[in-house]
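Source file: entry_0.pdb (PDB, C-alpha atoms, pLDDT in the B column)
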```pdb
ATOM      1  CA  MET A   1       2.005   4.464  81.363  1.00 38.00           C
ATOM      2  CA  ARG A   2      -0.290   1.437  81.286  1.00 34.00           C
ATOM      3  CA  VAL A   3      -3.849   2.017  82.455  1.00 35.00           C
ATOM      4  CA  ARG A   4      -5.412  -0.926  84.223  1.00 38.00           C
ATOM      5  CA  ARG A   5      -8.991  -1.587  83.148  1.00 39.00           C
ATOM      6  CA  ASN A   6     -11.638  -3.079  85.366  1.00 43.00           C
ATOM      7  CA  SER A   7     -12.529  -6.702  84.636  1.00 39.00           C
ATOM      8  CA  PRO A   8     -15.972  -7.216  83.122  1.00 41.00           C
ATOM      9  CA  SER A   9     -18.661  -8.379  85.502  1.00 42.00           C
ATOM     10  CA  ARG A  10     -20.004 -11.919  85.363  1.00 40.00           C
ATOM     11  CA  GLY A  11     -23.329 -10.572  84.113  1.00 43.00           C
ATOM     12  CA  THR A  12     -21.600  -8.786  81.236  1.00 42.00           C
ATOM     13  CA  VAL A  13     -19.732 -11.953  80.270  1.00 37.00           C
ATOM     14  CA  GLU A  14     -22.893 -14.056  80.369  1.00 43.00           C
ATOM     15  CA  LEU A  15     -24.725 -11.487  78.242  1.00 43.00           C
ATOM     16  CA  ALA A  16     -21.914 -11.545  75.705  1.00 45.00           C
ATOM     17  CA  ARG A  17     -22.090 -15.336  75.596  1.00 49.00           C
ATOM     18  CA  ALA A  18     -25.866 -15.217  75.091  1.00 52.00           C
ATOM     19  CA  ASP A  19     -25.428 -12.754  72.226  1.00 56.00           C
ATOM     20  CA  ALA A  20     -22.794 -15.007  70.648  1.00 60.00           C
ATOM     21  CA  ILE A  21     -25.112 -18.020  70.876  1.00 66.00           C
ATOM     22  CA  SER A  22     -27.947 -15.996  69.340  1.00 69.00           C
ATOM     23  CA  ARG A  23     -25.736 -14.947  66.416  1.00 72.00           C
ATOM     24  CA  HIS A  24     -24.522 -18.508  65.944  1.00 77.00           C
ATOM     25  CA  LEU A  25     -28.082 -19.888  66.031  1.00 85.00           C
ATOM     26  CA  GLY A  26     -29.364 -17.315  63.543  1.00 86.00           C
ATOM     27  CA  HIS A  27     -26.572 -18.115  61.103  1.00 83.00           C
ATOM     28  CA  ARG A  28     -26.986 -21.887  61.556  1.00 85.00           C
ATOM     29  CA  VAL A  29     -30.744 -21.867  61.025  1.00 91.00           C
ATOM     30  CA  LYS A  30     -30.473 -19.760  57.883  1.00 89.00           C
ATOM     31  CA  ARG A  31     -27.619 -21.859  56.485  1.00 86.00           C
ATOM     32  CA  LEU A  32     -29.369 -25.186  57.200  1.00 89.00           C
ATOM     33  CA  ARG A  33     -32.623 -23.921  55.704  1.00 90.00           C
ATOM     34  CA  ASN A  34     -30.916 -22.706  52.526  1.00 87.00           C
ATOM     35  CA  GLU A  35     -28.951 -25.922  52.180  1.00 84.00           C
ATOM     36  CA  ARG A  36     -32.218 -27.829  52.031  1.00 87.00           C
ATOM     37  CA  GLY A  37     -33.847 -25.316  49.718  1.00 88.00           C
ATOM     38  CA  TRP A  38     -36.555 -24.657  52.315  1.00 91.00           C
ATOM     39  CA  SER A  39     -38.523 -21.448  52.516  1.00 92.00           C
ATOM     40  CA  LEU A  40     -39.383 -19.958  55.902  1.00 93.00           C
ATOM     41  CA  GLU A  41     -42.901 -21.305  55.395  1.00 93.00           C
ATOM     42  CA  VAL A  42     -41.597 -24.853  54.947  1.00 92.00           C
ATOM     43  CA  LEU A  43     -39.466 -24.630  58.093  1.00 94.00           C
ATOM     44  CA  ALA A  44     -42.390 -23.113  59.990  1.00 94.00           C
ATOM     45  CA  GLY A  45     -44.571 -26.049  58.965  1.00 93.00           C
ATOM     46  CA  ALA A  46     -41.913 -28.610  59.902  1.00 92.00           C
ATOM     47  CA  SER A  47     -41.095 -27.054  63.272  1.00 93.00           C
ATOM     48  CA  GLY A  48     -44.355 -25.529  64.434  1.00 94.00           C
ATOM     49  CA  VAL A  49     -42.524 -22.216  64.970  1.00 94.00           C
ATOM     50  CA  SER A  50     -44.098 -19.175  63.326  1.00 94.00           C
ATOM     51  CA  ARG A  51     -42.571 -17.710  60.179  1.00 93.00           C
ATOM     52  CA  SER A  52     -42.148 -14.320  61.873  1.00 93.00           C
ATOM     53  CA  MET A  53     -40.261 -15.858  64.810  1.00 93.00           C
ATOM     54  CA  LEU A  54     -37.985 -17.816  62.458  1.00 94.00           C
ATOM     55  CA  SER A  55     -37.299 -14.649  60.488  1.00 92.00           C
ATOM     56  CA  GLN A  56     -36.350 -12.785  63.677  1.00 91.00           C
ATOM     57  CA  ILE A  57     -34.064 -15.639  64.763  1.00 91.00           C
ATOM     58  CA  GLU A  58     -32.257 -15.641  61.422  1.00 89.00           C
ATOM     59  CA  ARG A  59     -31.831 -11.867  61.614  1.00 86.00           C
ATOM     60  CA  GLU A  60     -30.530 -12.240  65.194  1.00 81.00           C
ATOM     61  CA  ARG A  61     -33.354 -10.141  66.569  1.00 85.00           C
ATOM     62  CA  ALA A  62     -34.816 -12.753  68.878  1.00 83.00           C
ATOM     63  CA  ASN A  63     -33.635 -14.998  71.705  1.00 82.00           C
ATOM     64  CA  PRO A  64     -35.832 -18.098  71.320  1.00 85.00           C
ATOM     65  CA  THR A  65     -36.820 -20.224  74.283  1.00 85.00           C
ATOM     66  CA  LEU A  66     -35.334 -23.666  74.756  1.00 83.00           C
ATOM     67  CA  ALA A  67     -38.591 -25.259  73.585  1.00 86.00           C
ATOM     68  CA  VAL A  68     -38.608 -23.231  70.360  1.00 90.00           C
ATOM     69  CA  THR A  69     -34.943 -24.031  69.697  1.00 89.00           C
ATOM     70  CA  LEU A  70     -35.616 -27.730  70.264  1.00 89.00           C
ATOM     71  CA  ARG A  71     -38.493 -27.722  67.756  1.00 91.00           C
ATOM     72  CA  ILE A  72     -36.229 -26.117  65.159  1.00 93.00           C
ATOM     73  CA  ALA A  73     -33.510 -28.718  65.806  1.00 90.00           C
ATOM     74  CA  GLN A  74     -36.028 -31.559  65.441  1.00 90.00           C
ATOM     75  CA  ALA A  75     -37.291 -30.107  62.164  1.00 92.00           C
ATOM     76  CA  PHE A  76     -33.740 -30.433  60.810  1.00 89.00           C
ATOM     77  CA  GLY A  77     -33.426 -33.959  62.230  1.00 87.00           C
ATOM     78  CA  MET A  78     -30.812 -32.785  64.728  1.00 84.00           C
ATOM     79  CA  THR A  79     -30.381 -32.805  68.474  1.00 83.00           C
ATOM     80  CA  LEU A  80     -30.424 -29.546  70.403  1.00 80.00           C
ATOM     81  CA  ALA A  81     -26.720 -29.961  71.194  1.00 77.00           C
ATOM     82  CA  ASP A  82     -25.856 -30.419  67.513  1.00 79.00           C
ATOM     83  CA  LEU A  83     -27.774 -27.300  66.512  1.00 83.00           C
ATOM     84  CA  LEU A  84     -26.137 -25.149  69.182  1.00 77.00           C
ATOM     85  CA  GLU A  85     -22.688 -26.705  69.061  1.00 70.00           C
ATOM     86  CA  THR A  86     -19.899 -24.236  68.362  1.00 58.00           C
ATOM     87  CA  PRO A  87     -16.389 -24.981  67.107  1.00 52.00           C
ATOM     88  CA  SER A  88     -14.066 -26.359  69.763  1.00 50.00           C
ATOM     89  CA  ALA A  89     -10.312 -26.497  69.918  1.00 42.00           C
ATOM     90  CA  ALA A  90     -10.437 -29.538  72.208  1.00 48.00           C
ATOM     91  CA  SER A  91      -9.563 -31.913  69.368  1.00 56.00           C
ATOM     92  CA  SER A  92      -7.799 -31.382  66.061  1.00 67.00           C
ATOM     93  CA  VAL A  93      -9.645 -34.312  64.453  1.00 74.00           C
ATOM     94  CA  ALA A  94     -13.389 -34.112  63.747  1.00 74.00           C
ATOM     95  CA  VAL A  95     -14.999 -37.393  62.713  1.00 78.00           C
ATOM     96  CA  ILE A  96     -18.331 -37.937  60.963  1.00 79.00           C
ATOM     97  CA  ARG A  97     -19.460 -41.550  61.190  1.00 80.00           C
ATOM     98  CA  ALA A  98     -21.199 -43.060  58.163  1.00 83.00           C
ATOM     99  CA  GLU A  99     -24.112 -44.276  60.278  1.00 77.00           C
ATOM    100  CA  ASP A 100     -24.724 -40.927  62.039  1.00 76.00           C
ATOM    101  CA  LYS A 101     -28.234 -39.919  60.918  1.00 73.00           C
ATOM    102  CA  THR A 102     -27.654 -36.356  62.108  1.00 69.00           C
ATOM    103  CA  TYR A 103     -25.706 -35.738  58.915  1.00 77.00           C
ATOM    104  CA  HIS A 104     -28.353 -37.164  56.592  1.00 79.00           C
ATOM    105  CA  TYR A 105     -30.075 -34.091  55.132  1.00 76.00           C
ATOM    106  CA  ARG A 106     -32.425 -36.090  52.954  1.00 81.00           C
ATOM    107  CA  SER A 107     -33.169 -39.785  52.722  1.00 81.00           C
ATOM    108  CA  ASP A 108     -35.976 -41.158  50.575  1.00 85.00           C
ATOM    109  CA  ARG A 109     -36.471 -43.607  47.735  1.00 88.00           C
ATOM    110  CA  ALA A 110     -35.153 -41.211  45.089  1.00 91.00           C
ATOM    111  CA  CYS A 111     -32.284 -39.399  46.804  1.00 92.00           C
ATOM    112  CA  ARG A 112     -30.034 -39.483  49.844  1.00 90.00           C
ATOM    113  CA  ILE A 113     -27.825 -36.555  50.804  1.00 91.00           C
ATOM    114  CA  ARG A 114     -25.192 -36.858  53.516  1.00 89.00           C
ATOM    115  CA  THR A 115     -22.893 -34.038  54.555  1.00 86.00           C
ATOM    116  CA  LEU A 116     -19.222 -34.908  54.846  1.00 89.00           C
ATOM    117  CA  SER A 117     -18.305 -31.592  56.506  1.00 82.00           C
ATOM    118  CA  PRO A 118     -19.019 -30.686  60.163  1.00 74.00           C
ATOM    119  CA  LEU A 119     -22.355 -28.961  60.714  1.00 65.00           C
ATOM    120  CA  ASN A 120     -21.119 -26.719  63.505  1.00 58.00           C
ATOM    121  CA  LEU A 121     -18.375 -24.883  61.611  1.00 57.00           C
ATOM    122  CA  GLU A 122     -18.701 -21.399  60.165  1.00 54.00           C
ATOM    123  CA  LYS A 123     -17.517 -22.237  56.688  1.00 64.00           C
ATOM    124  CA  ASP A 124     -17.505 -21.193  53.055  1.00 80.00           C
ATOM    125  CA  VAL A 125     -17.049 -24.728  51.716  1.00 85.00           C
ATOM    126  CA  GLU A 126     -19.415 -27.684  52.213  1.00 88.00           C
ATOM    127  CA  PHE A 127     -18.851 -31.285  51.159  1.00 91.00           C
ATOM    128  CA  TYR A 128     -21.608 -33.835  50.435  1.00 93.00           C
ATOM    129  CA  GLU A 129     -22.207 -37.384  49.292  1.00 95.00           C
ATOM    130  CA  VAL A 130     -25.293 -37.646  47.075  1.00 96.00           C
ATOM    131  CA  ARG A 131     -26.911 -40.952  46.106  1.00 96.00           C
ATOM    132  CA  LEU A 132     -29.553 -40.920  43.375  1.00 97.00           C
ATOM    133  CA  GLN A 133     -31.708 -43.887  42.446  1.00 96.00           C
ATOM    134  CA  PRO A 134     -32.660 -44.462  38.765  1.00 96.00           C
ATOM    135  CA  GLY A 135     -34.983 -41.616  37.795  1.00 93.00           C
ATOM    136  CA  GLY A 136     -34.031 -39.683  40.939  1.00 95.00           C
ATOM    137  CA  ALA A 137     -33.011 -36.034  40.856  1.00 95.00           C
ATOM    138  CA  LEU A 138     -31.703 -33.349  43.170  1.00 94.00           C
ATOM    139  CA  ARG A 139     -33.201 -30.058  42.000  1.00 93.00           C
ATOM    140  CA  SER A 140     -32.137 -26.906  43.815  1.00 92.00           C
ATOM    141  CA  ALA A 141     -33.254 -23.306  43.908  1.00 90.00           C
ATOM    142  CA  PRO A 142     -30.524 -20.674  43.476  1.00 92.00           C
ATOM    143  CA  HIS A 143     -28.078 -20.492  46.390  1.00 88.00           C
ATOM    144  CA  PHE A 144     -26.350 -17.314  47.569  1.00 86.00           C
ATOM    145  CA  GLU A 145     -24.985 -15.078  44.814  1.00 89.00           C
ATOM    146  CA  GLY A 146     -21.598 -16.267  43.589  1.00 91.00           C
ATOM    147  CA  THR A 147     -22.019 -19.858  44.818  1.00 91.00           C
ATOM    148  CA  ARG A 148     -20.477 -22.581  42.650  1.00 94.00           C
ATOM    149  CA  GLU A 149     -20.747 -26.344  42.891  1.00 96.00           C
ATOM    150  CA  PHE A 150     -18.063 -28.885  42.018  1.00 97.00           C
ATOM    151  CA  LEU A 151     -18.888 -32.552  41.661  1.00 97.00           C
ATOM    152  CA  THR A 152     -17.268 -35.854  40.779  1.00 98.00           C
ATOM    153  CA  VAL A 153     -19.213 -38.943  39.711  1.00 98.00           C
ATOM    154  CA  GLN A 154     -18.076 -41.909  41.766  1.00 97.00           C
ATOM    155  CA  GLN A 155     -20.613 -44.338  40.305  1.00 97.00           C
ATOM    156  CA  GLY A 156     -23.218 -44.315  37.554  1.00 97.00           C
ATOM    157  CA  LYS A 157     -24.227 -41.639  35.070  1.00 97.00           C
ATOM    158  CA  VAL A 158     -25.803 -38.244  35.781  1.00 98.00           C
ATOM    159  CA  ARG A 159     -26.978 -35.169  33.952  1.00 97.00           C
ATOM    160  CA  VAL A 160     -25.904 -31.869  35.464  1.00 98.00           C
ATOM    161  CA  GLU A 161     -28.011 -28.792  34.698  1.00 97.00           C
ATOM    162  CA  SER A 162     -27.250 -25.154  35.504  1.00 97.00           C
ATOM    163  CA  ALA A 163     -29.732 -22.557  34.228  1.00 94.00           C
ATOM    164  CA  ASP A 164     -30.317 -23.516  30.557  1.00 93.00           C
ATOM    165  CA  GLU A 165     -27.195 -25.659  30.101  1.00 95.00           C
ATOM    166  CA  GLY A 166     -26.620 -29.348  30.778  1.00 96.00           C
ATOM    167  CA  GLU A 167     -23.977 -32.078  30.476  1.00 97.00           C
ATOM    168  CA  ILE A 168     -23.916 -35.867  30.862  1.00 98.00           C
ATOM    169  CA  LEU A 169     -21.218 -37.186  33.222  1.00 98.00           C
ATOM    170  CA  SER A 170     -20.076 -40.753  33.832  1.00 97.00           C
ATOM    171  CA  HIS A 171     -17.856 -42.524  36.373  1.00 96.00           C
ATOM    172  CA  GLY A 172     -14.758 -40.443  37.121  1.00 96.00           C
ATOM    173  CA  ASP A 173     -16.014 -37.294  35.382  1.00 97.00           C
ATOM    174  CA  SER A 174     -16.007 -33.968  37.200  1.00 97.00           C
ATOM    175  CA  ALA A 175     -17.795 -30.686  36.565  1.00 97.00           C
ATOM    176  CA  SER A 176     -18.190 -27.225  38.054  1.00 97.00           C
ATOM    177  CA  TYR A 177     -21.082 -24.876  37.479  1.00 97.00           C
ATOM    178  CA  ARG A 178     -23.000 -21.884  38.797  1.00 96.00           C
ATOM    179  CA  ALA A 179     -25.246 -22.689  41.747  1.00 94.00           C
ATOM    180  CA  ASP A 180     -26.711 -19.185  42.160  1.00 94.00           C
ATOM    181  CA  VAL A 181     -29.199 -20.110  39.407  1.00 95.00           C
ATOM    182  CA  PRO A 182     -31.670 -23.028  39.316  1.00 95.00           C
ATOM    183  CA  HIS A 183     -29.624 -26.217  39.010  1.00 96.00           C
ATOM    184  CA  ALA A 184     -30.073 -29.968  39.151  1.00 96.00           C
ATOM    185  CA  ILE A 185     -28.295 -33.318  39.288  1.00 97.00           C
ATOM    186  CA  ILE A 186     -30.304 -36.092  37.616  1.00 97.00           C
ATOM    187  CA  ASN A 187     -29.603 -39.811  37.488  1.00 97.00           C
ATOM    188  CA  ALA A 188     -29.324 -40.518  33.738  1.00 97.00           C
ATOM    189  CA  GLY A 189     -28.507 -44.225  34.094  1.00 96.00           C
ATOM    190  CA  ARG A 190     -30.171 -47.465  35.115  1.00 95.00           C
ATOM    191  CA  LYS A 191     -28.287 -47.951  38.389  1.00 96.00           C
ATOM    192  CA  GLU A 192     -27.716 -45.941  41.546  1.00 97.00           C
ATOM    193  CA  ALA A 193     -25.514 -42.899  40.978  1.00 97.00           C
ATOM    194  CA  VAL A 194     -23.065 -41.770  43.669  1.00 97.00           C
ATOM    195  CA  ILE A 195     -21.731 -38.221  43.514  1.00 97.00           C
ATOM    196  CA  PHE A 196     -19.351 -36.244  45.698  1.00 97.00           C
ATOM    197  CA  LEU A 197     -20.465 -32.624  45.751  1.00 96.00           C
ATOM    198  CA  VAL A 198     -18.712 -29.485  47.006  1.00 95.00           C
ATOM    199  CA  ASP A 199     -20.477 -26.137  47.504  1.00 92.00           C
ATOM    200  CA  ILE A 200     -18.259 -23.052  47.567  1.00 91.00           C
ATOM    201  CA  TYR A 201     -19.820 -19.814  48.778  1.00 85.00           C
ATOM    202  CA  ARG A 202     -18.286 -16.532  47.699  1.00 75.00           C
TER
END
```

Please rewrite the model in this file as structure tokens.
Amino acid sequence: MRVRRNSPSRGTVELARADAISRHLGHRVKRLRNERGWSLEVLAGASGVSRSMLSQIERERANPTLAVTLRIAQAFGMTLADLLETPSAASSVAVIRAEDKTYHYRSDRACRIRTLSPLNLEKDVEFYEVRLQPGGALRSAPHFEGTREFLTVQQGKVRVESADEGEILSHGDSASYRADVPHAIINAGRKEAVIFLVDIYR
């Protein structure tokens, strides 16, 4: 015999949605912060949101106000909609335009990093384009345990370092290495180096 269950109330549904958004936001903030190699203190300074509040958000123990969420989005150079956006089945094709500054994680005289994978997806693989000027370097603190990076040199010459080991790579060369230890990509040539980089989280 089938037992008919009562439908959940609108309030229960809305609460469940709020909890889902809170979980999504906590995961997104932590992931974005770690991708940039930022500590909580750095994000707190960039956003004007206290370290303790950011910690609670990442641990999904706080429901930040709209104003707080907006400050966090601006610290990452994103819009509020981009930060809160969740995966949608509306389209099977997701496009990232080359000129979209939302996907530029870093852009200065020495280094430019642009993500080639959607920001809003819960994912274990991330894809980047990295451009290093002569003398420029991308030095990273250890990522999550088990993380590896794979890269291919599209242009120029770079030195890849992982812990105490290093290799010189030229156009067309590829390498993989541990990224759960201090690691770096350094322009070892006299021209701009262009690298395609993939992070794989265990």

In Å to one decimal, how far is CA of Tyr128 (chain A) from CA of Leu197 (chain A)?
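These two atoms are separated by 5.0 Å.
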
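All residues of protein, DNA or RNA that reach within 10 Å of Leu83 (chain A), judged by only C-alpha atoms and not counting those fewer than 5 positions away in the chain, are His24, Leu25, Arg28, Val29, Leu32, Thr69, Leu70, Ile72, Ala73, Gln74, Phe76, Gly77, Met78, Leu119 and Asn120 of chain A.
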
Can you work out the spacing between CA of Asp199 (chain A) and CA of Leu54 (chain A) in Å, to one decimal?
24.5 Å

Residues selected by the PyMOL selection byres ((chain A and resi 198) around 7), written as a list in words
Val125, Glu126, Phe127, Tyr128, Glu149, Phe150, Leu151, Phe196, Leu197, Asp199 and Ile200 of chain A

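Put simply, the PyMOL selection byres ((chain A and resi 47) around 6) in this file takes in A:Leu43, A:Ala44, A:Gly45, A:Ala46, A:Gly48, A:Val49, A:Arg71, A:Ile72, A:Ala75.
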
Rank nothing, just name the residue among A:His171, A:Arg159, A:Arg178, A:Arg106 nearest to Glu145 (chain A), using all atoms listed in the file.
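Among A:His171, A:Arg159, A:Arg178, A:Arg106, it is A:Arg178 that comes nearest to Glu145 (chain A).
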
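CA of Glu129 (chain A) to CA of Asp164 (chain A) spans 24.7 Å [interatomic distance, one decimal].
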
Could you tell me which residues the PyMOL selection byres ((chain A and resi 185-190) around 7) returns for this structure, as a list in words?
Leu132, Gln133, Pro134, Gly135, Gly136, Ala137, Leu138, Arg139, Gly156, Lys157, Val158, Arg159, Val160, Glu161, Ala184, Lys191 and Ala193 of chain A

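Comparing A:Leu40, A:Ile113, A:Val181, A:Val153 by their smallest distance to Ala141 (chain A), the closest is A:Val181 (using all atoms listed in the file).
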
Nearest to Lys30 (chain A), restricted to only C-alpha atoms and choosing among A:His143, A:Arg112, A:Arg131, A:Lys101, comes out as A:His143

Calculated over only C-alpha atoms, which of the candidates A:Tyr103, A:Ser176, A:Arg97, A:Ser55 has the smallest distance to Asp82 (chain A)?
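Under the stated criterion, the closest residue is A:Tyr103.
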
Among the residues A:Pro142, A:Glu192, A:Ile168, A:Ser174, the one that comes closest to Glu35 (chain A) [using all atoms listed in the file]:
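Of all the options, A:Pro142 lies closest to Glu35 (chain A).
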